[in-house]
Amino acid sequence: MRVNPRLTDTLVRHLLNMQAYFTVGILVIIVFIIFIKGISNCSLSFMLTYPEDMGRHGGVFPAIVGTIFLVALSILFATPLGLGTAIFLTEYTKESLLTTIIRFGVESLAGIPSIIYGLFGFIFFVIKLKMGWSLLAGALTMTIMILPTIIRTSEEAIKAVPKNLRIVSHSLGATKWETTVKVVLPSAAPGILTGIMLSIGRAVGETAAVIFTMGSSLRLPTSLMESGRTMAVHFYILAREGISMEKAYATALVLVMSILAINIFAYYMMNKVTAKYS
Amino acid sequence: MEAKILAHNLMVRFGAVEVLKGIDLEVYKNMITGFMGPAGSGKSTLISLVNRMIDFEDGVHIQGSLSIDGEDILSKSVDVVGLRRRVGTVFAVPLPLPRSIFENIAYGPRLKGITRRADLEDIVEESLKKAVLWEEVRDRLQVSALKLSGGQQQRLCLARTLALRPEIILLDEPCSGLDPISTAKIEEALNELKKDYTIILVSNNTKQIARATDFSAFFYMGALVEFGATEKIFTNPSVKQTEDYIQGKFG
């Protein structure tokens, strides 16, 4: 017997609504708890002062700087490399054994747990290339870790650009490169940006691989070859070693707020780009 | 009359399928030449040879010769990008680029290295006027081209092609999706344009070919069945097949 179609529709709609609210609800609860527990210790001076006594007192200024540098560097390294790979795979080569191998490699990279990246980075960058625990070693490790995300999302975004737009561009006397830069990439920009945002999230939140390669020095890193600490690592150490839960939550609050700020800024920028190319 | 495009024994195969079977054809300068014939007759393939858009297809085998102003355009050494600036194309579906009306038309000129704003503005205005679109969009050049109606978009595509200042304009069934009024506007524009350009109009609509062209070529199954002055083709065709097609007995 067929179930009443109107009843099914109503039921499904409510069910899907609930699922959506549930997902958002979890996010709200997490942010709420962090906010409640962290706000009392979080202030402008917390963000701008150095930690004292392992982080029991003082602020998180070096960790903020360390996070910004690590994330900025890894995005700076990974975006051109990943985007270039995606452009090569989609625009400049036909499906072949080579592209299959590259894609398989990318998929495999994506499936590796971050601790393995950490170990690799430690052995290769820190020891073998004698970088020591440093911002550079950390950023290079993060680069490899986020590459698959950037490649896959960029590739999907580029593939979604209608073939006709390319044909029109060529018919107007554009070369392949001009077509890629002026037509394909602007249309794919929102998708590419999503990949970059996901990557930023991953790099900001990473702890294991960072501790292995960048170390966890509390000093302010002043060069690429110095060790440093990210907010996520700082949070982990404060909480794991029972140094100060209050400071840990305050750090988490700064972390969450900065991710939020990056997201808002990125989507603002994206809207400016897409407004021009729509 | 001077031949602008010359095809000699032109043959094209896609894999094992023969799409063009030895075409000999002259397209005259400053004339509108109509290509008609049922689907699969090879007329669009012939067009895609002239602008070398056929390069984007796989498994194509070409024999014979095709030249513009006596210069072989099928040879490997041809500057394809330069060729496509001399041969403008308007496709069957209006395909505006996702950007403003102004930027759509300035796209080709910018690629040629024209960057001065005043120069670009002149080209945009001139091209839009020639495509009979200027009056409708002059106040909103910065609006997205995607916001225009289908008929306006197709005239925008024509203007965009004109902005390249080409010698030849290929129109591949440009009115297939348009209403009669938009179609009339395109035909009006073409009639003015032939003074300065050599135009090929591909159409499934025999009435349009009769109305808008000076010469007509009828293709069937990859062969050129008949070619001649449009008036003669439509009043006194030499081949029975042409007559049947024009009268709508098959198609």
# chains A, B, ... in the order shown; residues from 1 in each chain; ligands from 1
>>> closest_atom_pairs(of="chain B", to="chain A", cutoff="8 Å", atoms="only C-alpha atoms", output="Markdown table")
| residue | atom | partner | partner_atom | distance |
| --- | --- | --- | --- | --- |
| B:Asn51 | CA | A:Ser171 | CA | 7.5 |
| B:Met53 | CA | A:Ser171 | CA | 7.2 |
| B:Val81 | CA | A:Gly173 | CA | 4.9 |
| B:Gly82 | CA | A:Gly173 | CA | 6.6 |
| B:Leu83 | CA | A:Gly173 | CA | 7.8 |
| B:Arg84 | CA | A:Gly173 | CA | 5.1 |
| B:Arg85 | CA | A:Gly173 | CA | 5.1 |
| B:Gly88 | CA | A:Ser171 | CA | 6.9 |
| B:Thr89 | CA | A:Ser171 | CA | 6.4 |
| B:Leu95 | CA | A:Val168 | CA | 7.1 |
| B:Leu97 | CA | A:Leu165 | CA | 6.5 |
| B:Pro98 | CA | A:Ser278 | CA | 4.4 |
| B:Arg99 | CA | A:Tyr277 | CA | 4.4 |
| B:Ser100 | CA | A:Lys276 | CA | 7.4 |
| B:Tyr107 | CA | A:Leu172 | CA | 7.7 |
| B:Gly108 | CA | A:Leu172 | CA | 5.4 |
| B:Leu111 | CA | A:Ala174 | CA | 6.6 |
| B:Ser144 | CA | A:Ser278 | CA | 6.2 |
| B:Leu146 | CA | A:Ser278 | CA | 7.3 |
| B:Thr161 | CA | A:Leu172 | CA | 7.0 |
| B:Leu164 | CA | A:Leu172 | CA | 7.3 |
>>> write_last_selection(atoms="N, CA and C atoms", output="PDB file, in the first residue's frame")
ATOM      1  N   ASN B  51      37.287  28.509 -38.745  1.00  0.00           N
ATOM      2  CA  ASN B  51      37.846  29.168 -37.556  1.00  0.00           C
ATOM      3  C   ASN B  51      38.750  28.235 -36.743  1.00  0.00           C
ATOM      4  N   MET B  53      38.075  25.868 -34.960  1.00  0.00           N
ATOM      5  CA  MET B  53      37.571  25.371 -33.686  1.00  0.00           C
ATOM      6  C   MET B  53      37.524  23.850 -33.711  1.00  0.00           C
ATOM      7  N   VAL B  81      45.514  31.390 -33.164  1.00  0.00           N
ATOM      8  CA  VAL B  81      44.960  32.493 -32.374  1.00  0.00           C
ATOM      9  C   VAL B  81      44.751  33.722 -33.255  1.00  0.00           C
ATOM     10  N   GLY B  82      45.718  34.000 -34.116  1.00  0.00           N
ATOM     11  CA  GLY B  82      45.603  35.121 -35.046  1.00  0.00           C
ATOM     12  C   GLY B  82      44.460  34.903 -36.028  1.00  0.00           C
ATOM     13  N   LEU B  83      44.322  33.656 -36.492  1.00  0.00           N
ATOM     14  CA  LEU B  83      43.250  33.322 -37.429  1.00  0.00           C
ATOM     15  C   LEU B  83      41.885  33.612 -36.820  1.00  0.00           C
ATOM     16  N   ARG B  84      41.733  33.236 -35.526  1.00  0.00           N
ATOM     17  CA  ARG B  84      40.422  33.405 -34.887  1.00  0.00           C
ATOM     18  C   ARG B  84      40.106  34.876 -34.643  1.00  0.00           C
ATOM     19  N   ARG B  85      41.121  35.727 -34.706  1.00  0.00           N
ATOM     20  CA  ARG B  85      40.832  37.163 -34.632  1.00  0.00           C
ATOM     21  C   ARG B  85      40.380  37.693 -35.979  1.00  0.00           C
ATOM     22  N   GLY B  88      35.593  35.831 -37.019  1.00  0.00           N
ATOM     23  CA  GLY B  88      34.754  35.877 -35.828  1.00  0.00           C
ATOM     24  C   GLY B  88      33.628  34.861 -35.907  1.00  0.00           C
ATOM     25  N   THR B  89      33.211  34.358 -34.756  1.00  0.00           N
ATOM     26  CA  THR B  89      32.177  33.329 -34.741  1.00  0.00           C
ATOM     27  C   THR B  89      31.054  33.704 -33.780  1.00  0.00           C
ATOM     28  N   LEU B  95      26.193  32.853 -25.927  1.00  0.00           N
ATOM     29  CA  LEU B  95      27.114  32.469 -24.865  1.00  0.00           C
ATOM     30  C   LEU B  95      27.844  33.687 -24.326  1.00  0.00           C
ATOM     31  N   LEU B  97      29.964  35.803 -21.752  1.00  0.00           N
ATOM     32  CA  LEU B  97      30.878  35.447 -20.671  1.00  0.00           C
ATOM     33  C   LEU B  97      30.317  36.033 -19.375  1.00  0.00           C
ATOM     34  N   PRO B  98      30.556  35.376 -18.252  1.00  0.00           N
ATOM     35  CA  PRO B  98      30.004  35.887 -16.999  1.00  0.00           C
ATOM     36  C   PRO B  98      30.715  37.153 -16.541  1.00  0.00           C
ATOM     37  N   ARG B  99      30.342  38.270 -17.105  1.00  0.00           N
ATOM     38  CA  ARG B  99      30.861  39.582 -16.718  1.00  0.00           C
ATOM     39  C   ARG B  99      29.965  40.639 -17.354  1.00  0.00           C
ATOM     40  N   SER B 100      30.332  41.890 -17.212  1.00  0.00           N
ATOM     41  CA  SER B 100      29.426  42.952 -17.669  1.00  0.00           C
ATOM     42  C   SER B 100      29.327  43.004 -19.198  1.00  0.00           C
ATOM     43  N   TYR B 107      36.492  42.091 -24.283  1.00  0.00           N
ATOM     44  CA  TYR B 107      37.336  40.913 -24.054  1.00  0.00           C
ATOM     45  C   TYR B 107      38.341  40.687 -25.180  1.00  0.00           C
ATOM     46  N   GLY B 108      37.837  40.628 -26.417  1.00  0.00           N
ATOM     47  CA  GLY B 108      38.723  40.398 -27.562  1.00  0.00           C
ATOM     48  C   GLY B 108      39.740  41.515 -27.758  1.00  0.00           C
ATOM     49  N   LEU B 111      42.557  41.394 -25.349  1.00  0.00           N
ATOM     50  CA  LEU B 111      43.525  40.341 -25.668  1.00  0.00           C
ATOM     51  C   LEU B 111      44.489  40.804 -26.753  1.00  0.00           C
ATOM     52  N   SER B 144      25.547  42.963 -15.705  1.00  0.00           N
ATOM     53  CA  SER B 144      25.965  41.639 -16.171  1.00  0.00           C
ATOM     54  C   SER B 144      25.273  41.276 -17.478  1.00  0.00           C
ATOM     55  N   LEU B 146      24.594  38.473 -18.442  1.00  0.00           N
ATOM     56  CA  LEU B 146      23.675  37.352 -18.225  1.00  0.00           C
ATOM     57  C   LEU B 146      22.259  37.841 -17.941  1.00  0.00           C
ATOM     58  N   THR B 161      31.889  39.763 -31.366  1.00  0.00           N
ATOM     59  CA  THR B 161      32.650  39.288 -32.514  1.00  0.00           C
ATOM     60  C   THR B 161      33.130  40.461 -33.371  1.00  0.00           C
ATOM     61  N   LEU B 164      36.296  42.399 -32.541  1.00  0.00           N
ATOM     62  CA  LEU B 164      37.592  41.850 -32.947  1.00  0.00           C
ATOM     63  C   LEU B 164      38.053  42.489 -34.251  1.00  0.00           C
TER      64      LEU B 164
END
>>> select_by_dssp(residues="region 33-165 of chain B", states="helix (DSSP H, G or I)", output="JSON, numbers by chain")
{"B": [43, 44, 45, 46, 47, 48, 49, 50, 53, 54, 55, 56, 80, 81, 82, 83, 84, 85, 86, 101, 102, 103, 104, 105, 106, 107, 108, 109, 110, 111, 117, 118, 119, 120, 121, 122, 123, 124, 125, 126, 127, 128, 129, 130, 134, 135, 136, 137, 145, 146, 147, 150, 151, 152, 153, 154, 155, 156, 157, 158, 159, 160, 161, 162]}
>>> write_last_selection(atoms="C-alpha atoms", output="compact mmCIF listing (two decimals), in the first residue's frame")
# COMPACT_ATOMS: atom_id res chain seq x y z
CA LYS B 43 27.69 22.58 -42.74
CA SER B 44 28.76 23.18 -39.14
CA THR B 45 31.88 21.07 -39.64
CA LEU B 46 32.85 23.27 -42.58
CA ILE B 47 32.42 26.35 -40.38
CA SER B 48 34.58 24.83 -37.66
CA LEU B 49 37.36 24.38 -40.20
CA VAL B 50 37.30 28.04 -41.16
CA MET B 53 37.57 25.37 -33.69
CA ILE B 54 37.69 21.82 -35.02
CA ASP B 55 41.05 21.60 -33.22
CA PHE B 56 39.11 20.94 -30.02
CA VAL B 80 45.46 29.74 -34.93
CA VAL B 81 44.96 32.49 -32.37
CA GLY B 82 45.60 35.12 -35.05
CA LEU B 83 43.25 33.32 -37.43
CA ARG B 84 40.42 33.41 -34.89
CA ARG B 85 40.83 37.16 -34.63
CA ARG B 86 40.33 37.41 -38.39
CA ILE B 101 28.15 43.91 -21.12
CA PHE B 102 31.13 46.23 -21.51
CA GLU B 103 33.66 43.62 -20.47
CA ASN B 104 32.15 41.02 -22.80
CA ILE B 105 32.77 43.23 -25.79
CA ALA B 106 36.12 44.50 -24.56
CA TYR B 107 37.34 40.91 -24.05
CA GLY B 108 38.72 40.40 -27.56
CA PRO B 109 40.23 43.89 -27.96
CA ARG B 110 41.91 43.61 -24.54
CA LEU B 111 43.52 40.34 -25.67
CA ARG B 117 39.75 53.08 -21.62
CA ALA B 118 38.75 55.63 -24.26
CA ASP B 119 39.72 53.28 -27.10
CA LEU B 120 37.78 50.44 -25.54
CA GLU B 121 34.75 52.65 -25.03
CA ASP B 122 34.83 53.61 -28.71
CA ILE B 123 35.04 49.98 -29.81
CA VAL B 124 32.24 48.93 -27.47
CA GLU B 125 29.93 51.68 -28.71
CA GLU B 126 30.72 51.09 -32.35
CA SER B 127 30.25 47.31 -32.06
CA LEU B 128 26.99 47.61 -30.17
CA LYS B 129 25.65 50.04 -32.76
CA LYS B 130 26.56 47.72 -35.61
CA TRP B 134 23.31 50.10 -28.52
CA GLU B 135 20.00 51.85 -27.92
CA GLU B 136 18.80 49.10 -25.61
CA VAL B 137 21.87 48.87 -23.38
CA ALA B 145 25.50 40.33 -19.70
CA LEU B 146 23.68 37.35 -18.22
CA LYS B 147 20.80 39.68 -17.31
CA GLY B 150 18.14 35.73 -25.21
CA GLY B 151 17.78 37.91 -28.28
CA GLN B 152 19.83 40.69 -26.71
CA GLN B 153 22.48 38.21 -25.63
CA GLN B 154 22.83 36.94 -29.18
CA ARG B 155 23.25 40.48 -30.51
CA LEU B 156 25.78 41.03 -27.73
CA CYS B 157 27.67 38.00 -29.02
CA LEU B 158 27.56 39.49 -32.51
CA ALA B 159 28.86 42.81 -31.16
CA ARG B 160 31.60 40.95 -29.28
CA THR B 161 32.65 39.29 -32.51
CA LEU B 162 32.60 42.62 -34.38
>>> closest_atom_pairs(of="region 58-81 of chain B", to="region 13-30 of chain B", cutoff="12 Å", atoms="only C-alpha atoms", output="tab-separated table")
residue	atom	partner	partner_atom	distance
B:Asp58	CA	B:Phe14	CA	7.8
B:Gly59	CA	B:Gly15	CA	5.4
B:Val60	CA	B:Phe14	CA	4.8
B:His61	CA	B:Arg13	CA	5.1
B:Ile62	CA	B:Arg13	CA	6.6
B:Gln63	CA	B:Gly22	CA	8.5
B:Gly64	CA	B:Gly22	CA	7.6
B:Ser65	CA	B:Asp24	CA	9.3
B:Leu66	CA	B:Asp24	CA	9.3
B:Ser67	CA	B:Glu26	CA	9.8
B:Ile68	CA	B:Val27	CA	9.5
B:Asp69	CA	B:Lys29	CA	9.6
B:Gly70	CA	B:Glu26	CA	11.5
>>> write_last_selection(atoms="N, CA and C atoms", output="mmCIF file, in the first residue's frame")
data_model
loop_
_atom_site.group_PDB
_atom_site.id
_atom_site.type_symbol
_atom_site.label_atom_id
_atom_site.label_comp_id
_atom_site.auth_asym_id
_atom_site.auth_seq_id
_atom_site.Cartn_x
_atom_site.Cartn_y
_atom_site.Cartn_z
ATOM 1 N N ASP B 58 38.398 15.465 -31.074
ATOM 2 C CA ASP B 58 39.378 14.371 -31.138
ATOM 3 C C ASP B 58 39.139 13.513 -32.373
ATOM 4 N N GLY B 59 40.201 12.896 -32.837
ATOM 5 C CA GLY B 59 40.078 11.912 -33.914
ATOM 6 C C GLY B 59 39.624 12.477 -35.242
ATOM 7 N N VAL B 60 40.052 13.694 -35.551
ATOM 8 C CA VAL B 60 39.650 14.330 -36.809
ATOM 9 C C VAL B 60 40.734 14.112 -37.870
ATOM 10 N N HIS B 61 40.308 13.694 -39.064
ATOM 11 C CA HIS B 61 41.245 13.585 -40.183
ATOM 12 C C HIS B 61 40.792 14.521 -41.288
ATOM 13 N N ILE B 62 41.697 15.365 -41.728
ATOM 14 C CA ILE B 62 41.340 16.359 -42.739
ATOM 15 C C ILE B 62 42.206 16.164 -43.977
ATOM 16 N N GLN B 63 41.576 16.233 -45.157
ATOM 17 C CA GLN B 63 42.319 16.218 -46.419
ATOM 18 C C GLN B 63 41.816 17.355 -47.299
ATOM 19 N N GLY B 64 42.589 17.674 -48.301
ATOM 20 C CA GLY B 64 42.190 18.750 -49.201
ATOM 21 C C GLY B 64 42.688 20.084 -48.685
ATOM 22 N N SER B 65 42.225 21.161 -49.325
ATOM 23 C CA SER B 65 42.756 22.451 -48.908
ATOM 24 C C SER B 65 41.649 23.457 -48.636
ATOM 25 N N LEU B 66 41.958 24.384 -47.746
ATOM 26 C CA LEU B 66 41.037 25.461 -47.414
ATOM 27 C C LEU B 66 41.879 26.709 -47.221
ATOM 28 N N SER B 67 41.550 27.775 -47.941
ATOM 29 C CA SER B 67 42.390 28.969 -47.836
ATOM 30 C C SER B 67 41.551 30.227 -47.669
ATOM 31 N N ILE B 68 42.136 31.196 -46.979
ATOM 32 C CA ILE B 68 41.539 32.525 -46.876
ATOM 33 C C ILE B 68 42.512 33.489 -47.536
ATOM 34 N N ASP B 69 42.033 34.274 -48.504
ATOM 35 C CA ASP B 69 42.895 35.162 -49.281
ATOM 36 C C ASP B 69 44.123 34.427 -49.815
ATOM 37 N N GLY B 70 43.912 33.197 -50.245
ATOM 38 C CA GLY B 70 45.002 32.442 -50.840
ATOM 39 C C GLY B 70 45.949 31.794 -49.853
#
>>> closest_atom_pairs(of="region 152-246 of chain A", to="region 48-66 of chain A", cutoff="10 Å", atoms="only C-alpha atoms", output="CSV")
residue,atom,partner,partner_atom,distance
A:Met214,CA,A:Gly66,CA,9.5
A:Ser216,CA,A:Ala63,CA,9.3
A:Ser217,CA,A:Pro62,CA,9.2
A:Leu218,CA,A:Pro62,CA,6.6
A:Arg219,CA,A:Pro62,CA,6.3
A:Leu220,CA,A:Pro62,CA,4.6
A:Pro221,CA,A:Gly66,CA,6.7
A:Thr222,CA,A:Gly66,CA,9.5
A:Ser227,CA,A:Gly66,CA,8.8
A:Gly228,CA,A:Gly66,CA,5.7
A:Arg229,CA,A:Ala63,CA,5.2
A:Thr230,CA,A:Ala63,CA,4.7
A:Met231,CA,A:Ala63,CA,5.0
A:Ala232,CA,A:Ala63,CA,8.5
A:Val233,CA,A:Ala63,CA,8.4
A:His234,CA,A:Ala63,CA,6.9
A:Phe235,CA,A:Ala63,CA,9.6
A:Ile237,CA,A:Gly55,CA,9.3
A:Leu238,CA,A:Gly55,CA,7.1
A:Gly242,CA,A:Arg56,CA,9.7
A:Ile243,CA,A:Arg56,CA,6.0
A:Ser244,CA,A:Arg56,CA,5.6
A:Met245,CA,A:Arg56,CA,9.0
A:Glu246,CA,A:Arg56,CA,8.8
>>> residues_around(residues="Phe91 (chain B)", least_positions_apart="6", cutoff="7 Å", atoms="only C-alpha atoms", output="PDB file with N, CA and C atoms, in the first residue's frame")
ATOM      1  N   LEU B 171      28.301  32.678 -38.643  1.00  0.00           N
ATOM      2  CA  LEU B 171      27.148  32.612 -37.748  1.00  0.00           C
ATOM      3  C   LEU B 171      26.554  31.211 -37.851  1.00  0.00           C
ATOM      4  N   ASP B 172      26.690  30.442 -36.785  1.00  0.00           N
ATOM      5  CA  ASP B 172      26.276  29.040 -36.801  1.00  0.00           C
ATOM      6  C   ASP B 172      24.871  28.919 -36.214  1.00  0.00           C
ATOM      7  N   GLU B 173      23.883  28.983 -37.069  1.00  0.00           N
ATOM      8  CA  GLU B 173      22.470  28.967 -36.652  1.00  0.00           C
ATOM      9  C   GLU B 173      22.203  29.955 -35.526  1.00  0.00           C
ATOM     10  N   PRO B 174      22.508  31.221 -35.752  1.00  0.00           N
ATOM     11  CA  PRO B 174      22.473  32.201 -34.655  1.00  0.00           C
ATOM     12  C   PRO B 174      21.066  32.505 -34.180  1.00  0.00           C
TER      13      PRO B 174
END
>>> residues_around(residues="Gly34 (chain B)", least_positions_apart="5", cutoff="12 Å", atoms="only C-alpha atoms", output="ChimeraX atom specification")
/B:27-28,43-44,47,169-173,190,198-219,226-231,233-234
>>> write_last_selection(atoms="C-alpha atoms", output="CSV table (one decimal), in the first residue's frame")
chain,number,residue,atom,x,y,z
B,27,VAL,CA,32.8,32.2,-50.6
B,28,TYR,CA,32.8,35.7,-52.0
B,43,LYS,CA,27.7,22.6,-42.7
B,44,SER,CA,28.8,23.2,-39.1
B,47,ILE,CA,32.4,26.3,-40.4
B,169,ILE,CA,32.0,36.5,-39.6
B,170,LEU,CA,30.6,32.9,-39.1
B,171,LEU,CA,27.1,32.6,-37.7
B,172,ASP,CA,26.3,29.0,-36.8
B,173,GLU,CA,22.5,29.0,-36.7
B,190,LEU,CA,23.9,41.5,-41.1
B,198,THR,CA,32.4,38.5,-45.5
B,199,ILE,CA,29.6,36.6,-43.8
B,200,ILE,CA,28.6,33.0,-43.7
B,201,LEU,CA,25.2,32.3,-42.2
B,202,VAL,CA,24.4,28.7,-41.3
B,203,SER,CA,20.7,28.1,-40.9
B,204,ASN,CA,18.2,25.3,-40.8
B,205,ASN,CA,15.6,27.9,-41.7
B,206,THR,CA,15.4,28.0,-45.5
B,207,LYS,CA,13.2,31.1,-45.3
B,208,GLN,CA,15.9,32.9,-43.5
B,209,ILE,CA,18.5,31.8,-46.0
B,210,ALA,CA,16.2,33.1,-48.8
B,211,ARG,CA,15.7,36.4,-47.0
B,212,ALA,CA,19.1,37.2,-45.7
B,213,THR,CA,21.7,35.8,-48.1
B,214,ASP,CA,23.2,36.6,-51.5
B,215,PHE,CA,24.6,33.1,-52.2
B,216,SER,CA,23.4,29.8,-51.0
B,217,ALA,CA,25.0,26.4,-50.6
B,218,PHE,CA,22.9,23.3,-50.0
B,219,PHE,CA,24.7,20.5,-48.2
B,226,GLU,CA,24.3,22.9,-55.1
B,227,PHE,CA,25.8,26.4,-54.9
B,228,GLY,CA,24.7,29.6,-56.5
B,229,ALA,CA,23.0,32.9,-56.2
B,230,THR,CA,20.3,32.7,-53.6
B,231,GLU,CA,17.7,34.1,-56.0
B,233,ILE,CA,18.6,28.5,-55.9
B,234,PHE,CA,15.3,29.5,-54.5
